[in-house]
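Data block for my_file-v1.txt (compact mmCIF, C-alpha atoms and all ligand atoms):
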```txt
# COMPACT_ATOMS: atom_id res chain seq x y z
CA MET G 16 0.00 0.00 0.00
CA VAL G 17 2.78 2.38 0.95
CA ASN G 18 4.74 1.37 -2.15
CA GLU G 19 1.66 1.96 -4.23
CA ASP G 20 1.32 5.46 -2.75
CA ILE G 21 4.95 6.26 -3.48
CA ARG G 22 4.65 4.91 -7.00
CA ARG G 23 1.60 7.07 -7.63
CA GLU G 24 3.25 10.13 -6.15
CA ASN G 25 6.31 9.66 -8.32
CA LYS G 26 4.08 9.28 -11.34
CA VAL G 27 2.30 12.53 -10.57
CA ILE G 28 5.59 14.37 -10.20
CA THR G 29 7.07 12.82 -13.33
CA ASN G 30 3.98 13.53 -15.39
CA HIS G 31 3.85 16.99 -14.01
CA GLN G 32 7.47 17.74 -14.82
CA HIS G 33 6.85 16.38 -18.28
CA ASP G 34 3.86 18.68 -18.68
CA LEU G 35 5.91 21.65 -17.58
CA ALA G 36 8.71 20.80 -19.96
CA SER G 37 7.06 19.77 -23.17
CA GLY G 38 3.67 18.10 -22.87
CA PRO G 39 0.37 19.29 -24.25
CA ALA G 40 -0.16 21.28 -21.07
CA ALA G 41 3.04 23.23 -21.73
CA SER G 42 1.06 26.41 -22.19
CA ALA G 43 2.30 29.60 -20.62
CA ALA G 44 0.09 29.05 -17.55
CA ALA G 45 1.88 28.10 -14.34
CA LEU G 46 -1.33 28.25 -12.40
CA LYS G 47 -4.95 29.01 -12.92
CA VAL G 48 -7.89 29.43 -10.58
CA GLU G 49 -11.43 28.90 -11.80
CA ASN G 50 -14.50 30.11 -9.88
CA LEU G 51 -12.54 29.57 -6.69
CA SER G 52 -14.82 29.95 -3.69
CA LYS G 53 -14.43 29.41 0.03
CA VAL G 54 -17.07 29.45 2.74
CA PHE G 55 -16.02 29.29 6.39
CA GLU G 56 -18.61 28.06 8.86
CA SER G 57 -17.93 29.08 12.43
CA ALA G 58 -19.79 29.84 15.67
CA ALA G 59 -19.94 33.46 14.56
CA GLY G 60 -21.73 32.40 11.37
CA ARG G 61 -20.87 31.87 7.77
CA VAL G 62 -18.15 33.84 6.00
CA LEU G 63 -17.91 33.90 2.21
CA ALA G 64 -14.17 34.49 2.12
CA LEU G 65 -13.78 33.98 -1.66
CA LYS G 66 -16.49 34.38 -4.28
CA LYS G 67 -15.75 32.89 -7.68
CA ILE G 68 -12.20 34.08 -8.17
CA ASN G 69 -10.75 33.66 -11.68
CA PHE G 70 -7.25 34.39 -12.95
CA THR G 71 -4.28 32.83 -14.71
CA ILE G 72 -0.63 33.30 -13.83
CA ASN G 73 2.01 32.63 -16.46
CA LYS G 74 5.27 30.79 -16.00
CA GLY G 75 7.96 33.10 -14.70
CA GLU G 76 5.49 35.86 -13.91
CA PHE G 77 5.80 37.82 -10.64
CA VAL G 78 2.26 38.68 -9.53
CA SER G 79 1.14 40.52 -6.42
CA ILE G 80 -2.20 40.13 -4.71
CA ILE G 81 -3.17 43.31 -2.92
CA GLY G 82 -6.21 44.25 -0.86
CA PRO G 83 -7.38 45.33 2.58
CA SER G 84 -7.14 43.14 5.66
CA GLY G 85 -9.83 40.45 5.69
CA SER G 86 -10.38 40.59 1.92
CA GLY G 87 -9.42 36.92 1.45
CA LYS G 88 -5.77 37.14 0.33
CA SER G 89 -4.39 34.49 2.70
CA THR G 90 -7.35 32.20 2.06
CA LEU G 91 -6.65 32.49 -1.66
CA LEU G 92 -2.92 31.84 -1.31
CA ASN G 93 -3.53 28.84 0.96
CA MET G 94 -5.75 27.30 -1.67
CA ILE G 95 -3.34 27.98 -4.53
CA GLY G 96 -0.71 26.28 -2.40
CA ALA G 97 -2.97 23.33 -1.59
CA LEU G 98 -2.80 24.04 2.14
CA ASP G 99 -6.60 24.16 2.20
CA ARG G 100 -9.40 22.91 -0.06
CA PRO G 101 -11.88 25.24 -1.76
CA THR G 102 -15.62 24.93 -1.09
CA PHE G 103 -15.99 24.94 -4.85
CA GLY G 104 -13.99 25.92 -7.90
CA LYS G 105 -10.68 24.64 -9.20
CA VAL G 106 -6.95 25.24 -8.95
CA PHE G 107 -4.76 24.10 -11.86
CA ILE G 108 -1.03 23.81 -11.34
CA GLY G 109 0.86 23.24 -14.58
CA GLY G 110 -2.44 22.14 -16.14
CA ILE G 111 -3.29 19.65 -13.36
CA ASP G 112 -6.64 20.06 -11.61
CA ILE G 113 -5.07 19.50 -8.18
CA PHE G 114 -8.15 18.98 -6.04
CA LEU G 115 -9.19 16.02 -8.18
CA LEU G 116 -6.12 14.23 -6.81
CA ARG G 117 -5.91 12.13 -3.68
CA ASP G 118 -4.58 13.79 -0.51
CA SER G 119 -1.18 12.10 -0.84
CA GLU G 120 -0.86 13.34 -4.42
CA VAL G 121 -1.85 16.86 -3.42
CA ALA G 122 0.77 16.70 -0.66
CA SER G 123 3.35 15.61 -3.18
CA ILE G 124 2.61 18.58 -5.45
CA ARG G 125 2.71 20.91 -2.45
CA ASN G 126 6.09 19.57 -1.29
CA ASN G 127 7.76 19.41 -4.66
CA MET G 128 6.28 22.14 -6.81
CA ILE G 129 5.57 24.93 -4.32
CA GLY G 130 7.67 26.94 -1.89
CA PHE G 131 6.01 28.98 0.87
CA ILE G 132 7.20 32.16 2.57
CA PHE G 133 5.21 33.65 5.46
CA GLN G 134 5.09 37.03 7.18
CA SER G 135 6.28 35.62 10.50
CA PHE G 136 9.08 33.47 8.93
CA ASN G 137 7.81 30.27 10.68
CA LEU G 138 11.31 28.99 11.45
CA ILE G 139 12.12 26.38 14.09
CA ASN G 140 14.27 28.12 16.68
CA ARG G 141 15.63 25.11 18.48
CA THR G 142 17.62 23.98 15.45
CA THR G 143 20.13 25.59 13.09
CA VAL G 144 19.55 27.67 9.99
CA GLN G 145 20.92 24.80 7.89
CA LYS G 146 18.51 22.23 9.37
CA ASN G 147 15.58 24.61 8.88
CA VAL G 148 16.45 25.00 5.21
CA GLU G 149 16.91 21.25 4.73
CA ILE G 150 13.51 20.29 6.21
CA PRO G 151 11.51 20.26 2.93
CA SER G 152 13.97 17.87 1.31
CA ILE G 153 13.92 15.60 4.38
CA VAL G 154 10.11 15.58 4.31
CA SER G 155 9.89 14.80 0.60
CA ARG G 156 12.71 12.22 0.77
CA ASN G 157 13.92 13.19 -2.68
CA GLY G 158 16.88 15.36 -1.78
CA GLY G 159 19.50 12.61 -1.96
CA GLY G 160 21.83 11.86 0.94
CA ARG G 161 22.98 14.02 3.82
CA LYS G 162 25.95 15.39 1.87
CA GLU G 163 23.94 16.30 -1.23
CA ARG G 164 21.37 17.99 0.97
CA ALA G 165 23.99 20.00 2.84
CA ASP G 166 25.72 21.04 -0.40
CA ARG G 167 22.47 22.25 -1.92
CA CYS G 168 21.48 24.07 1.26
CA LEU G 169 24.82 25.88 1.52
CA LYS G 170 24.68 26.84 -2.15
CA ILE G 171 21.26 28.44 -1.67
CA LEU G 172 22.36 30.21 1.53
CA ASP G 173 25.33 31.54 -0.43
CA VAL G 174 23.12 32.95 -3.22
CA LEU G 175 21.02 34.65 -0.54
CA GLY G 176 24.09 36.07 1.21
CA ILE G 177 23.75 34.21 4.53
CA LYS G 178 26.02 31.17 4.12
CA ASP G 179 28.00 32.29 7.17
CA LYS G 180 24.84 31.88 9.29
CA ALA G 181 24.36 28.15 8.53
CA LYS G 182 25.24 26.98 12.04
CA PHE G 183 23.38 29.76 13.87
CA LYS G 184 19.95 29.48 15.49
CA PRO G 185 17.37 31.53 13.56
CA SER G 186 16.48 33.54 16.68
CA SER G 187 19.99 35.00 16.76
CA LEU G 188 19.51 36.58 13.32
CA SER G 189 17.87 39.86 12.30
CA GLY G 190 14.37 39.84 10.80
CA GLY G 191 15.71 40.33 7.29
CA GLN G 192 18.18 37.46 7.73
CA GLN G 193 15.42 35.21 9.12
CA GLN G 194 13.27 35.93 6.08
CA ARG G 195 16.24 35.00 3.85
CA VAL G 196 16.41 31.68 5.71
CA ALA G 197 12.70 31.19 5.01
CA ILE G 198 13.30 31.99 1.33
CA ALA G 199 16.16 29.47 1.27
CA ARG G 200 13.86 26.85 2.81
CA ALA G 201 11.21 27.64 0.19
CA LEU G 202 13.82 27.01 -2.54
CA MET G 203 15.22 23.77 -1.14
CA ASN G 204 13.03 21.44 -3.23
CA ASN G 205 13.54 23.57 -6.34
CA PRO G 206 9.86 24.54 -6.68
CA THR G 207 8.51 26.12 -9.85
CA ILE G 208 6.09 28.29 -7.88
CA ILE G 209 6.84 30.47 -4.86
CA LEU G 210 3.96 31.74 -2.73
CA ALA G 211 4.70 34.54 -0.27
CA ASP G 212 2.11 35.84 2.22
CA GLU G 213 3.10 39.40 3.22
CA PRO G 214 6.81 38.48 3.24
CA THR G 215 7.85 42.05 4.05
CA GLY G 216 5.05 42.66 6.57
CA ASN G 217 7.24 42.21 9.66
CA LEU G 218 10.24 44.08 8.28
CA ASP G 219 11.25 47.75 8.24
CA THR G 220 11.08 49.49 4.86
CA LYS G 221 14.75 49.09 3.94
CA THR G 222 14.93 45.41 4.93
CA GLY G 223 11.56 44.78 3.29
CA ASN G 224 12.87 46.27 0.05
CA GLU G 225 15.94 44.02 0.22
CA VAL G 226 13.77 40.92 0.68
CA PHE G 227 11.57 42.09 -2.18
CA ASP G 228 14.64 42.54 -4.40
CA LEU G 229 15.61 38.92 -3.68
CA LEU G 230 12.15 37.75 -4.81
CA LYS G 231 12.56 39.87 -7.94
CA LEU G 232 15.92 38.20 -8.55
CA LEU G 233 14.34 34.75 -8.21
CA SER G 234 11.72 35.81 -10.71
CA LYS G 235 13.98 37.41 -13.28
CA LYS G 236 17.20 35.43 -13.01
CA PHE G 237 15.88 32.05 -11.93
CA ARG G 238 12.52 32.25 -13.77
CA ARG G 239 10.39 31.22 -10.77
CA THR G 240 6.69 31.96 -10.84
CA ILE G 241 5.98 34.11 -7.79
CA VAL G 242 2.70 35.10 -6.16
CA MET G 243 3.15 37.62 -3.37
CA VAL G 244 0.39 38.87 -1.10
CA THR G 245 1.09 42.39 0.13
CA HIS G 246 -0.43 45.49 1.67
CA ASN G 247 2.30 47.60 0.14
CA ASP G 248 1.17 49.45 -2.98
CA GLU G 249 4.69 50.59 -3.83
CA LEU G 250 6.05 47.03 -3.87
CA SER G 251 2.96 45.75 -5.67
CA LYS G 252 3.61 48.22 -8.51
CA LYS G 253 7.12 46.79 -8.91
CA THR G 254 5.73 43.33 -9.75
CA ASP G 255 4.66 42.32 -13.26
CA ARG G 256 0.96 42.43 -12.42
CA SER G 257 -1.22 43.44 -9.46
CA ILE G 258 -4.44 41.59 -8.71
CA TYR G 259 -6.66 43.68 -6.44
CA ILE G 260 -8.91 41.69 -4.09
CA ARG G 261 -11.79 43.18 -2.13
CA ASP G 262 -14.46 41.31 -0.15
CA GLY G 263 -13.48 38.00 -1.72
CA ILE G 264 -13.69 39.11 -5.34
CA VAL G 265 -11.15 40.32 -7.92
CA GLU G 266 -11.75 44.03 -8.11
CA LYS G 267 -9.29 44.68 -10.93
CA GLU G 268 -6.03 43.49 -12.47
CA VAL G 269 -3.32 45.94 -13.47
CA THR G 270 -0.27 45.15 -15.60
CA ASN G 271 2.60 47.23 -14.23
P1 LIG G 301 -6.60 38.58 4.43
O1 LIG G 301 -5.46 37.63 4.30
O2 LIG G 301 -6.90 39.33 3.16
O3 LIG G 301 -6.43 39.52 5.57
P2 LIG G 301 -8.12 36.20 5.13
O4 LIG G 301 -8.03 35.36 3.92
O5 LIG G 301 -7.25 35.85 6.27
O6 LIG G 301 -7.92 37.74 4.71
O7 LIG G 301 -9.62 36.19 5.63
C1 LIG G 301 -10.75 36.41 4.79
C2 LIG G 301 -12.04 36.29 5.60
O8 LIG G 301 -12.21 34.93 5.98
C3 LIG G 301 -12.05 37.09 6.87
O9 LIG G 301 -13.35 37.53 7.10
C4 LIG G 301 -11.65 36.08 7.92
O10 LIG G 301 -12.15 36.42 9.19
C5 LIG G 301 -12.27 34.81 7.39
N1 LIG G 301 -11.53 33.59 7.78
C6 LIG G 301 -10.26 33.27 7.41
N2 LIG G 301 -9.91 32.07 7.91
C7 LIG G 301 -10.98 31.61 8.61
C8 LIG G 301 -11.26 30.42 9.37
N3 LIG G 301 -10.36 29.45 9.47
N4 LIG G 301 -12.48 30.31 9.95
C9 LIG G 301 -13.41 31.28 9.83
N5 LIG G 301 -13.21 32.42 9.13
C10 LIG G 301 -12.04 32.60 8.53
MG MG G 302 -3.66 37.51 5.37
```
Whole structure, structure tokens version:
Amino acid sequence: MVNEDIRRENKVITNHQHDLASGPAASAAALKVENLSKVFESAAGRVLALKKINFTINKGEFVSIIGPSGSGKSTLLNMIGALDRPTFGKVFIGGIDIFLLRDSEVASIRNNMIGFIFQSFNLINRTTVQKNVEIPSIVSRNGGGRKERADRCLKILDVLGIKDKAKFKPSSLSGGQQQRVAIARALMNNPTIILADEPTGNLDTKTGNEVFDLLKLLSKKFRRTIVMVTHNDELSKKTDRSIYIRDGIVEKEVTN
């Protein structure tokens, strides 16, 4: 049964990589959402957090999602990243309708195709920077041996300018350095899509701009598809396209 699961997961990844490279689904779309809707039921009542959201994001595009607090940005990002299931509607990643897949297959796509960056870094403080960055490859068991993992981790830390911090605990670093560690962790499994939820929200303006410039570098030099949720209009305008969300709907899209 376990072998069967692994075999299926590998097949999904292989097919998916094939689609991205050359298959019939090798259109420009990295991801697409179709009538995406989310209803939360709670003691306080029913919240329609997302109401039939539609958009397409192309490979290598750097898109920002901007809107007031409570407008549904995090809910949207969590569903694009398969952290949560929609009430109805679809999410396509590289042409695959992900919520038609079994949970283990969805998890495999999440671990291998998508890197997450959060406002509050979400690092584990009782272990080193290096171990934090290596976690995704340990979880997905496809990062090779210990040495390969360490080499890859140190290479990424080097690109992000924090290789000298590998043996430090995250809590001993500045906010900007901690967010670089989180970016390194997001890159560990070489994802095609990076999702960032207010990645500069906990940083001062200068540090926030530096972190933003790193995301821009990943987009332009390394051709990653990036979706960044932000409150910051100035940063949003520096991305390829801004999608404005209000009350769970797309208010407008602006190409910058
Ligand atoms: P944003 O990220 O734009 O600030 P969210 O996506 O976090 O907005 O929230 C959108 C709406 O959905 C808000 O009204 C929020 O209170 C509600 N919401 C989000 N998560 C939950 C949940 N787990 N249970 C109930 N309501 C939720
Ligand atoms: Mg949010």
request  = Enter the distance from CA of Thr71 (chain G) to CA of Ala45 (chain G), in Å, rounded to one decimal.
outcome  =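 A separation of 7.8 Å between them.
Considering the residues G:Met94, G:Val244, G:Leu230, G:Val265 and counting all atoms listed in the file, ligand MG 302 (chain G) has its shortest atom-to-atom contact with G:Val244.
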Leaving out Ile153 (chain G) and any residue of its chain fewer than 4 positions from it, which residues lie within 12 Å of it when counting all atoms listed in the file, given as a compact mmCIF listing (two decimals) with C-alpha atoms, keeping the file's coordinate frame?
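Output below, filename selection-v3.txt:
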```txt
# COMPACT_ATOMS: atom_id res chain seq x y z
CA ASN G 126 6.09 19.57 -1.29
CA ASN G 127 7.76 19.41 -4.66
CA LYS G 146 18.51 22.23 9.37
CA ASN G 147 15.58 24.61 8.88
CA VAL G 148 16.45 25.00 5.21
CA GLU G 149 16.91 21.25 4.73
CA ASN G 157 13.92 13.19 -2.68
CA GLY G 158 16.88 15.36 -1.78
CA GLY G 159 19.50 12.61 -1.96
CA GLY G 160 21.83 11.86 0.94
CA ARG G 161 22.98 14.02 3.82
CA GLU G 163 23.94 16.30 -1.23
CA ARG G 164 21.37 17.99 0.97
CA ALA G 165 23.99 20.00 2.84
CA CYS G 168 21.48 24.07 1.26
CA ARG G 200 13.86 26.85 2.81
CA MET G 203 15.22 23.77 -1.14
CA ASN G 204 13.03 21.44 -3.23
```
Would you mind listing what lies within 8 Å of Gly96 (chain G) as a CSV table (one decimal) with C-alpha atoms, keeping the file's coordinate frame, with all atoms listed in the file counted and same-chain residues fewer than 3 positions away left out?
```csv
chain,number,residue,atom,x,y,z
G,92,LEU,CA,-2.9,31.8,-1.3
G,93,ASN,CA,-3.5,28.8,1.0
G,99,ASP,CA,-6.6,24.2,2.2
G,125,ARG,CA,2.7,20.9,-2.4
G,129,ILE,CA,5.6,24.9,-4.3
G,131,PHE,CA,6.0,29.0,0.9
G,210,LEU,CA,4.0,31.7,-2.7
```
Chain G residues near ligand LIG 301 (chain G) within 7 Å, closest pair each, using only C-alpha atoms and all ligand atoms, as JSON lines:
```
{"residue": "G:Phe55", "atom": "CA", "partner": "G:LIG301", "partner_atom": "C9", "distance": 4.8}
{"residue": "G:Glu56", "atom": "CA", "partner": "G:LIG301", "partner_atom": "C9", "distance": 6.2}
{"residue": "G:Ser57", "atom": "CA", "partner": "G:LIG301", "partner_atom": "C9", "distance": 5.7}
{"residue": "G:Val62", "atom": "CA", "partner": "G:LIG301", "partner_atom": "N5", "distance": 6.0}
{"residue": "G:Leu63", "atom": "CA", "partner": "G:LIG301", "partner_atom": "O8", "distance": 6.9}
{"residue": "G:Ala64", "atom": "CA", "partner": "G:LIG301", "partner_atom": "O8", "distance": 4.4}
{"residue": "G:Gly82", "atom": "CA", "partner": "G:LIG301", "partner_atom": "O2", "distance": 6.4}
{"residue": "G:Pro83", "atom": "CA", "partner": "G:LIG301", "partner_atom": "O2", "distance": 6.0}
{"residue": "G:Ser84", "atom": "CA", "partner": "G:LIG301", "partner_atom": "O3", "distance": 3.7}
{"residue": "G:Gly85", "atom": "CA", "partner": "G:LIG301", "partner_atom": "O6", "distance": 3.5}
{"residue": "G:Ser86", "atom": "CA", "partner": "G:LIG301", "partner_atom": "O2", "distance": 3.9}
{"residue": "G:Gly87", "atom": "CA", "partner": "G:LIG301", "partner_atom": "O4", "distance": 3.2}
{"residue": "G:Lys88", "atom": "CA", "partner": "G:LIG301", "partner_atom": "O2", "distance": 3.8}
{"residue": "G:Ser89", "atom": "CA", "partner": "G:LIG301", "partner_atom": "O1", "distance": 3.7}
{"residue": "G:Thr90", "atom": "CA", "partner": "G:LIG301", "partner_atom": "O4", "distance": 3.7}
{"residue": "G:Leu91", "atom": "CA", "partner": "G:LIG301", "partner_atom": "O4", "distance": 6.4}
```
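Between CA of Leu169 (chain G) and CA of Ile150 (chain G) the interatomic distance comes to 13.5 Å.
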Of the listed residues G:Leu46, G:Leu232, G:Ile81, G:Ile171, that which approaches ligand MG 302 (chain G) most closely, counting only C-alpha atoms and all ligand atoms =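 Looking at the shortest contact to ligand MG 302 (chain G), the residue is G:Ile81.
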key: Pick from G:Thr102, G:Gln194, G:Gln145, G:Ser79 nearest to Ile132 (chain G), counting only C-alpha atoms   =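 The answer is G:Gln194, which sits nearest to Ile132 (chain G).
Residue nearest Glu76 (chain G), chosen from G:Ile113, G:Val196, G:Ala44, G:Leu229 and counting all atoms listed in the file: G:Ala44.
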message = Can you measure CA of Gln134 (chain G) to CA of Arg195 (chain G) for me? One decimal in Å is fine.
response =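 Separating CA of Gln134 (chain G) from CA of Arg195 (chain G) is a distance of 11.8 Å.
Using only C-alpha atoms and all ligand atoms, the nearest neighbour of ligand MG 302 (chain G) within the list G:Ile80, G:Ile111, G:Ala122, G:Leu98 is G:Ile80.
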message = Would you pick out the contacts of Leu218 (chain G) at 10 Å or less, using all atoms listed in the file, so that residues sharing its chain but fewer than 5 positions from it are not included, and give the list as JSON, numbers by chain?
response = {"G": [134, 135, 189, 190, 191, 194, 213, 223, 224, 225, 226]}
request  = Counting only C-alpha atoms, select every polymer residue within 6 Å of (9.4, 31.3, -12.6) as defined in the file's coordinates, and provide the selection as a ChimeraX atom specification.
outcome  = /G:74-75,207,234,238-240
remark   = Counting all atoms listed in the file, the residue among G:Val269, G:Met243, G:Leu51, G:Val78 that lies closest to ligand MG 302 (chain G) is G:Met243
request  = Would you list the contacts of Lys231 (chain G) as a VMD selection string, taking every protein, DNA or RNA residue within 8 Å and counting only C-alpha atoms, but skipping same-chain residues closer than 3 positions in sequence?
outcome  = chain G and resid 77 227 to 228 234 to 235 254
Selection from above, C-alpha atoms, as a PDB file, in the frame of the given file, can you write it?
```pdb
ATOM      1  CA  PHE G  77       5.800  37.820 -10.640  1.00  0.00           C
ATOM      2  CA  PHE G 227      11.570  42.090  -2.180  1.00  0.00           C
ATOM      3  CA  ASP G 228      14.640  42.540  -4.400  1.00  0.00           C
ATOM      4  CA  SER G 234      11.720  35.810 -10.710  1.00  0.00           C
ATOM      5  CA  LYS G 235      13.980  37.410 -13.280  1.00  0.00           C
ATOM      6  CA  THR G 254       5.730  43.330  -9.750  1.00  0.00           C
TER       7      THR G 254
END
```
Radius query 6 Å about (-15.3, 29.5, -1.7), atoms used: only C-alpha atoms, as a list in words =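 So the residues meeting the distance criterion are Leu51, Ser52, Lys53, Val54, Leu65, Lys66, Pro101, Thr102 and Phe103 of chain G.
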With C-alpha atoms retained, could you export that selection as a PDB file, keeping the file's coordinate frame?
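Final output, saved to selection.pdb:
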```pdb
ATOM      1  CA  LEU G  51     -12.540  29.570  -6.690  1.00  0.00           C
ATOM      2  CA  SER G  52     -14.820  29.950  -3.690  1.00  0.00           C
ATOM      3  CA  LYS G  53     -14.430  29.410   0.030  1.00  0.00           C
ATOM      4  CA  VAL G  54     -17.070  29.450   2.740  1.00  0.00           C
ATOM      5  CA  LEU G  65     -13.780  33.980  -1.660  1.00  0.00           C
ATOM      6  CA  LYS G  66     -16.490  34.380  -4.280  1.00  0.00           C
ATOM      7  CA  PRO G 101     -11.880  25.240  -1.760  1.00  0.00           C
ATOM      8  CA  THR G 102     -15.620  24.930  -1.090  1.00  0.00           C
ATOM      9  CA  PHE G 103     -15.990  24.940  -4.850  1.00  0.00           C
TER      10      PHE G 103
END
```
